[in-house]
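A quick write-up on the structure given underneath.
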Amino acid sequence: MPGPDVGVSLPTMSRRGERPGDMAAAARHAEDLGLESVWAVDQLIAGTGTPIIDGTVALATAAAATSRVRLGFGVMILPLHPVVWVAKQVASLQHTSGDRVILGVGAGGDRHEASWAAAGVPRRERGRRTDAALRALPALIAGHPVQLDPASPATGPSAGPALQPPADPALQPTAGPVVQLAPAATVPPILVGGMSDAALARAAEYGDGWFAMSVGAVADGRARLAELAAARNRPVPEVTVSMLAALTGDPALPDQDTLIRSLTDVDGLFAIPAEYVRDTLVTGTPAQIAARLAEAADGGAARVVVTFAAGHWPRQAELLAQATALLT
């Protein structure tokens, strides 16, 4: 079986007191190395205050610096954003990048608690807001008229109504105002992220793809996703999976104990619970990483997005490219 497409997370986050990386240089480097895609995480306040660059700005910067590599949100937290602005930004990025966007979306997790308060979004409403946004996004991006539905939950920081695509071109005069964005754009592939039953159901209902959080969960998750998609008479969404990796051969890579402490630091970039970190982190030579990439493909993943746990980002990207070359 051929290996999966391989993308890489841009250095949009940094340790406290440090500046995030150079998005343009990183994206160019990834493209020059032949990697398929570059990705940006999305969060308003990451953890307890980890510095993070806005994902849309990071991908716009990457788009301007490249010509081929695809541009992925990994993932955008939909409930934190008014859906009309999500659609406007995604459509604009499609135009400026030449239709290279992959729109990964999710409902958000519990680690980034400060984001919900800062955005004025009740965390308990995140699932309903995400569903409402997913119903509206394709039509908004494509430039179709979309009518506000006052009965739906809010899809943005304000308490305003959610957006729903009209079921009928004859828009009801008693409903909310009609929104039609321009210029229209190609609707990008929409990947729904998350490991919960609700996330899988959401991916089966709305997604072109599923963004899984670990290689080990791909096979079982994909089997369940196939069942859910069949029940909805929809094709099985394509699987993209995240991998946290530290490739050896980089002088800047810390020793294993230091790396583990960094990954489990509650104020750090990842704040992974200690009991999960060794199962989450993939370490080794390019050949060993290539074996894990092949394992992901065998489990049903069409793409793996690698985030570097530590080390010198450009060197880690070079080692990842070596691993990818071993799959061909």
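Every chain in the structure tokens has a letter given in the order shown (A, B, ...), and although residue numbers restart at 1 in each chain, ligands are simply numbered from 1 in the order shown.
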Worksheet entry | For A:Ser196: contacts at 12 Å, only C-alpha atoms, fewer than 3 positions along chain excluded, given as a VMD selection string | chain A and resid 106 to 109 127 192 to 193 199 to 203 210 to 213 217 221 224 to 225
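The neighbours of A:Val187 here are the residues that come within 8 Å of it, using only C-alpha atoms and leaving out any residue fewer than 2 positions away in the same chain; they are Ala91, Pro138, Ile141, Ala142, Ala185 and Pro189 of chain A.
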Practice prompt. Might you pull out every residue within 12 Å of A:Arg16, with only C-alpha atoms counted and same-chain residues fewer than 3 positions away left off, and present them as a VMD selection string?
Written response: chain A and resid 13 19 to 20 46 to 52 267 to 269
Taking N, CA, C and O atoms for each residue, export the selection above as a PDB file, in the first residue's frame.
```pdb
ATOM      1  N   MET A  13       2.951  28.217  17.451  1.00  0.00           N
ATOM      2  CA  MET A  13       2.969  28.327  18.910  1.00  0.00           C
ATOM      3  C   MET A  13       4.409  28.384  19.405  1.00  0.00           C
ATOM      4  O   MET A  13       5.326  27.885  18.758  1.00  0.00           O
ATOM      5  N   ARG A  19       9.211  34.031  20.681  1.00  0.00           N
ATOM      6  CA  ARG A  19       8.361  34.391  19.554  1.00  0.00           C
ATOM      7  C   ARG A  19       8.025  33.151  18.740  1.00  0.00           C
ATOM      8  O   ARG A  19       8.877  32.268  18.572  1.00  0.00           O
ATOM      9  N   PRO A  20       6.783  33.060  18.236  1.00  0.00           N
ATOM     10  CA  PRO A  20       6.479  31.969  17.299  1.00  0.00           C
ATOM     11  C   PRO A  20       7.395  32.036  16.081  1.00  0.00           C
ATOM     12  O   PRO A  20       8.044  33.044  15.816  1.00  0.00           O
ATOM     13  N   ALA A  46      -4.586  29.893  24.183  1.00  0.00           N
ATOM     14  CA  ALA A  46      -4.144  28.505  24.227  1.00  0.00           C
ATOM     15  C   ALA A  46      -3.708  28.138  25.639  1.00  0.00           C
ATOM     16  O   ALA A  46      -2.797  28.754  26.197  1.00  0.00           O
ATOM     17  N   GLY A  47      -4.371  27.139  26.205  1.00  0.00           N
ATOM     18  CA  GLY A  47      -4.009  26.666  27.532  1.00  0.00           C
ATOM     19  C   GLY A  47      -4.073  27.774  28.569  1.00  0.00           C
ATOM     20  O   GLY A  47      -5.080  28.464  28.719  1.00  0.00           O
ATOM     21  N   THR A  48      -2.974  27.971  29.264  1.00  0.00           N
ATOM     22  CA  THR A  48      -2.903  29.015  30.285  1.00  0.00           C
ATOM     23  C   THR A  48      -2.219  30.275  29.762  1.00  0.00           C
ATOM     24  O   THR A  48      -1.789  31.114  30.548  1.00  0.00           O
ATOM     25  N   GLY A  49      -2.127  30.381  28.446  1.00  0.00           N
ATOM     26  CA  GLY A  49      -1.561  31.595  27.869  1.00  0.00           C
ATOM     27  C   GLY A  49      -0.382  31.369  26.950  1.00  0.00           C
ATOM     28  O   GLY A  49       0.437  32.275  26.756  1.00  0.00           O
ATOM     29  N   THR A  50      -0.283  30.194  26.345  1.00  0.00           N
ATOM     30  CA  THR A  50       0.785  29.917  25.392  1.00  0.00           C
ATOM     31  C   THR A  50       0.676  30.860  24.198  1.00  0.00           C
ATOM     32  O   THR A  50      -0.408  31.005  23.628  1.00  0.00           O
ATOM     33  N   PRO A  51       1.769  31.509  23.784  1.00  0.00           N
ATOM     34  CA  PRO A  51       1.711  32.380  22.608  1.00  0.00           C
ATOM     35  C   PRO A  51       1.295  31.599  21.361  1.00  0.00           C
ATOM     36  O   PRO A  51       1.838  30.520  21.089  1.00  0.00           O
ATOM     37  N   ILE A  52       0.345  32.136  20.628  1.00  0.00           N
ATOM     38  CA  ILE A  52      -0.147  31.450  19.427  1.00  0.00           C
ATOM     39  C   ILE A  52      -0.584  32.483  18.401  1.00  0.00           C
ATOM     40  O   ILE A  52      -1.257  33.462  18.723  1.00  0.00           O
ATOM     41  N   ASP A 267       1.647  24.369  31.750  1.00  0.00           N
ATOM     42  CA  ASP A 267       1.756  25.702  31.173  1.00  0.00           C
ATOM     43  C   ASP A 267       2.496  25.696  29.847  1.00  0.00           C
ATOM     44  O   ASP A 267       2.845  26.754  29.314  1.00  0.00           O
ATOM     45  N   GLY A 268       2.758  24.509  29.301  1.00  0.00           N
ATOM     46  CA  GLY A 268       3.532  24.388  28.077  1.00  0.00           C
ATOM     47  C   GLY A 268       2.673  24.378  26.820  1.00  0.00           C
ATOM     48  O   GLY A 268       1.466  24.640  26.850  1.00  0.00           O
ATOM     49  N   LEU A 269       3.314  24.016  25.711  1.00  0.00           N
ATOM     50  CA  LEU A 269       2.627  24.026  24.421  1.00  0.00           C
ATOM     51  C   LEU A 269       1.563  22.939  24.312  1.00  0.00           C
ATOM     52  O   LEU A 269       0.528  23.138  23.669  1.00  0.00           O
TER      53      LEU A 269
END
```
Discussion item. Can you pull out the residues contacting A:Pro254? Cut-off 8 Å, using only C-alpha atoms, and skip same-chain residues under 2 positions away; I want them as a list in words.
Written reply: Ala252, Gln256, Thr258, Leu259, Ala310 and Gly311 of chain A
Would you put the residues from that selection into a file with C-alpha atoms, as a compact mmCIF listing (two decimals), in the first residue's frame?
```txt
# COMPACT_ATOMS: atom_id res chain seq x y z
CA ALA A 252 18.56 20.61 19.00
CA GLN A 256 13.85 11.96 26.37
CA THR A 258 13.47 16.65 29.23
CA LEU A 259 11.15 16.18 26.29
CA ALA A 310 10.66 19.76 20.00
CA GLY A 311 13.90 20.47 18.19
```
Practice prompt. Pick out the residues sitting within 6 Å of A:Val69, and hand them over as a PyMOL selection string; count only C-alpha atoms, and ignore anything fewer than 3 positions along from it in its own chain.
Written response: chain A and resi 31+36-37
Worksheet entry | Contacts of A:Ala139 at 12 Å (only C-alpha atoms; same-chain gap of 3+ positions) as a VMD selection string | chain A and resid 83 to 84 87 to 88 91 133 to 136 142 to 147 163 to 167 179 to 182 184 to 188
Worksheet item: atom CA of A:Thr248 to atom CA of A:Met195: how many Å, to one decimal?
Response: 29.0 Å
Practice prompt. Please give the complete set of residues from stretch 157-324 of chain A that DSSP, run on the backbone, assigns to strand (DSSP E or B), formatted as a ChimeraX atom specification.
Written response: /A:162-164,178-179,190-193,209-212,238-247,281-284,301-308
Output of the above residues as a short mmCIF file (atom, residue, chain, number, x, y, z; two decimals), in the first residue's frame, restricted to N, CA, C and O atoms:
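Produced file again.cif, reproduced below:
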```
data_model
loop_
_atom_site.label_atom_id
_atom_site.label_comp_id
_atom_site.auth_asym_id
_atom_site.auth_seq_id
_atom_site.Cartn_x
_atom_site.Cartn_y
_atom_site.Cartn_z
N ALA A 162 -28.13 31.85 14.68
CA ALA A 162 -27.29 31.04 13.81
C ALA A 162 -27.73 31.22 12.37
O ALA A 162 -28.80 31.73 12.08
N LEU A 163 -26.89 30.74 11.46
CA LEU A 163 -27.22 30.79 10.05
C LEU A 163 -27.60 29.41 9.56
O LEU A 163 -26.98 28.43 9.92
N GLN A 164 -28.60 29.35 8.71
CA GLN A 164 -29.00 28.10 8.09
C GLN A 164 -29.19 28.35 6.60
O GLN A 164 -29.78 29.34 6.21
N VAL A 178 -31.38 37.80 4.97
CA VAL A 178 -30.64 36.95 4.05
C VAL A 178 -29.21 37.48 3.92
O VAL A 178 -28.98 38.68 3.79
N VAL A 179 -28.25 36.56 3.98
CA VAL A 179 -26.84 36.90 3.82
C VAL A 179 -26.32 36.22 2.55
O VAL A 179 -26.53 35.02 2.36
N ILE A 190 -14.01 19.81 3.81
CA ILE A 190 -14.27 20.09 5.21
C ILE A 190 -13.99 18.83 6.02
O ILE A 190 -14.62 17.79 5.80
N LEU A 191 -13.03 18.92 6.93
CA LEU A 191 -12.66 17.82 7.80
C LEU A 191 -13.16 18.12 9.20
O LEU A 191 -12.90 19.20 9.73
N VAL A 192 -13.86 17.18 9.79
CA VAL A 192 -14.38 17.36 11.14
C VAL A 192 -13.47 16.62 12.11
O VAL A 192 -13.25 15.41 11.97
N GLY A 193 -12.94 17.35 13.10
CA GLY A 193 -12.00 16.76 14.03
C GLY A 193 -12.65 16.30 15.31
O GLY A 193 -13.72 16.78 15.70
N GLY A 209 -14.15 14.77 5.34
CA GLY A 209 -13.09 14.01 5.97
C GLY A 209 -13.23 14.03 7.48
O GLY A 209 -14.00 14.82 8.05
N TRP A 210 -12.50 13.14 8.12
CA TRP A 210 -12.42 13.08 9.59
C TRP A 210 -10.98 13.32 10.00
O TRP A 210 -10.07 12.71 9.44
N PHE A 211 -10.79 14.23 10.96
CA PHE A 211 -9.45 14.53 11.46
C PHE A 211 -9.31 13.82 12.80
O PHE A 211 -9.84 14.26 13.82
N ALA A 212 -8.57 12.71 12.81
CA ALA A 212 -8.37 11.91 14.01
C ALA A 212 -7.15 12.40 14.77
O ALA A 212 -6.20 12.94 14.19
N GLU A 238 -12.93 10.75 4.18
CA GLU A 238 -11.50 10.43 4.13
C GLU A 238 -10.86 10.75 5.48
O GLU A 238 -11.27 11.70 6.16
N VAL A 239 -9.86 9.97 5.87
CA VAL A 239 -9.26 10.11 7.19
C VAL A 239 -7.93 10.85 7.12
O VAL A 239 -7.03 10.48 6.36
N THR A 240 -7.82 11.90 7.92
CA THR A 240 -6.55 12.58 8.20
C THR A 240 -6.26 12.36 9.67
O THR A 240 -7.16 12.43 10.51
N VAL A 241 -5.02 12.08 10.00
CA VAL A 241 -4.67 11.80 11.40
C VAL A 241 -3.49 12.66 11.82
O VAL A 241 -2.59 12.96 11.03
N SER A 242 -3.52 13.10 13.07
CA SER A 242 -2.45 13.90 13.64
C SER A 242 -1.41 12.99 14.28
O SER A 242 -1.74 11.97 14.88
N MET A 243 -0.14 13.38 14.16
CA MET A 243 0.95 12.64 14.79
C MET A 243 1.90 13.64 15.44
O MET A 243 2.36 14.58 14.80
N LEU A 244 2.19 13.44 16.72
CA LEU A 244 3.18 14.24 17.44
C LEU A 244 4.50 13.49 17.39
O LEU A 244 4.59 12.35 17.87
N ALA A 245 5.53 14.10 16.82
CA ALA A 245 6.76 13.38 16.55
C ALA A 245 8.00 14.17 16.96
O ALA A 245 8.00 15.40 16.95
N ALA A 246 9.03 13.43 17.30
CA ALA A 246 10.36 13.98 17.56
C ALA A 246 11.35 13.09 16.83
O ALA A 246 11.55 11.93 17.21
N LEU A 247 11.94 13.60 15.76
CA LEU A 247 12.81 12.79 14.91
C LEU A 247 14.26 12.94 15.34
O LEU A 247 14.76 14.07 15.51
N LEU A 281 3.34 10.36 21.80
CA LEU A 281 4.58 10.80 21.16
C LEU A 281 5.21 9.68 20.34
O LEU A 281 5.35 8.55 20.82
N VAL A 282 5.62 10.01 19.12
CA VAL A 282 6.34 9.09 18.25
C VAL A 282 7.77 9.62 18.10
O VAL A 282 7.97 10.76 17.70
N THR A 283 8.74 8.81 18.45
CA THR A 283 10.14 9.22 18.33
C THR A 283 10.90 8.20 17.49
O THR A 283 10.50 7.05 17.36
N GLY A 284 12.04 8.67 16.92
CA GLY A 284 12.87 7.73 16.20
C GLY A 284 13.51 8.33 14.97
O GLY A 284 13.38 9.52 14.68
N ALA A 301 -5.76 5.78 7.01
CA ALA A 301 -5.50 7.22 6.90
C ALA A 301 -4.97 7.56 5.52
O ALA A 301 -4.03 6.94 5.03
N ALA A 302 -5.57 8.57 4.91
CA ALA A 302 -5.10 9.07 3.62
C ALA A 302 -4.04 10.15 3.79
O ALA A 302 -3.28 10.44 2.87
N ARG A 303 -4.02 10.78 4.98
CA ARG A 303 -3.07 11.86 5.24
C ARG A 303 -2.66 11.81 6.70
O ARG A 303 -3.47 11.52 7.58
N VAL A 304 -1.38 12.13 6.96
CA VAL A 304 -0.88 12.30 8.32
C VAL A 304 -0.32 13.70 8.44
O VAL A 304 0.47 14.14 7.60
N VAL A 305 -0.77 14.43 9.47
CA VAL A 305 -0.24 15.77 9.76
C VAL A 305 0.67 15.66 10.98
O VAL A 305 0.21 15.31 12.07
N VAL A 306 1.93 15.96 10.78
CA VAL A 306 2.94 15.79 11.83
C VAL A 306 3.19 17.13 12.52
O VAL A 306 3.45 18.14 11.86
N THR A 307 3.13 17.10 13.84
CA THR A 307 3.52 18.24 14.67
C THR A 307 4.81 17.88 15.38
O THR A 307 4.92 16.80 15.97
N PHE A 308 5.78 18.77 15.32
CA PHE A 308 7.07 18.49 15.96
C PHE A 308 7.00 18.80 17.44
O PHE A 308 6.61 19.90 17.85
#
```
Item to complete: Using only C-alpha atoms, pick whichever of A:Trp313, A:Ser92, A:Ala25, A:Gly300 has the shortest atom-to-atom distance to A:Pro4.
Response: A:Gly300
Practice prompt. Using backbone DSSP assignments, extract all helix (DSSP H, G or I) residues from stretch 36-204 of chain A; output them as a ChimeraX atom specification.
Written response: /A:55-65,78-80,83-97,113-119,123-141,197-204
Worksheet entry | Residue nearest A:Leu33 among A:Gly55, A:Gly7, A:Pro183, A:Gly21 (counting only C-alpha atoms) |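 Going through A:Gly55, A:Gly7, A:Pro183, A:Gly21 one by one, the smallest distance to A:Leu33 is for A:Gly7.
The closest residue to A:Gly207, picked from A:Val105, A:Ala27, A:Ala119, A:Leu35 and counting only C-alpha atoms, is A:Val105.
Proximity to A:Ala114 was assessed for A:Arg70, A:Asp197, A:Ile45, A:Arg315 counting only C-alpha atoms; the smallest distance is recorded for A:Ile45.
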Worksheet item: Nearest to A:Ile272 among A:Arg111, A:Arg100, A:Arg129, A:Arg222, with distances taken over only C-alpha atoms: which residue is it?
Response: A:Arg111
Response to the item:
Separating atom CA of A:Pro273 from atom CA of A:Ser9, to the nearest tenth of an Å, is a gap of 21.1 Å
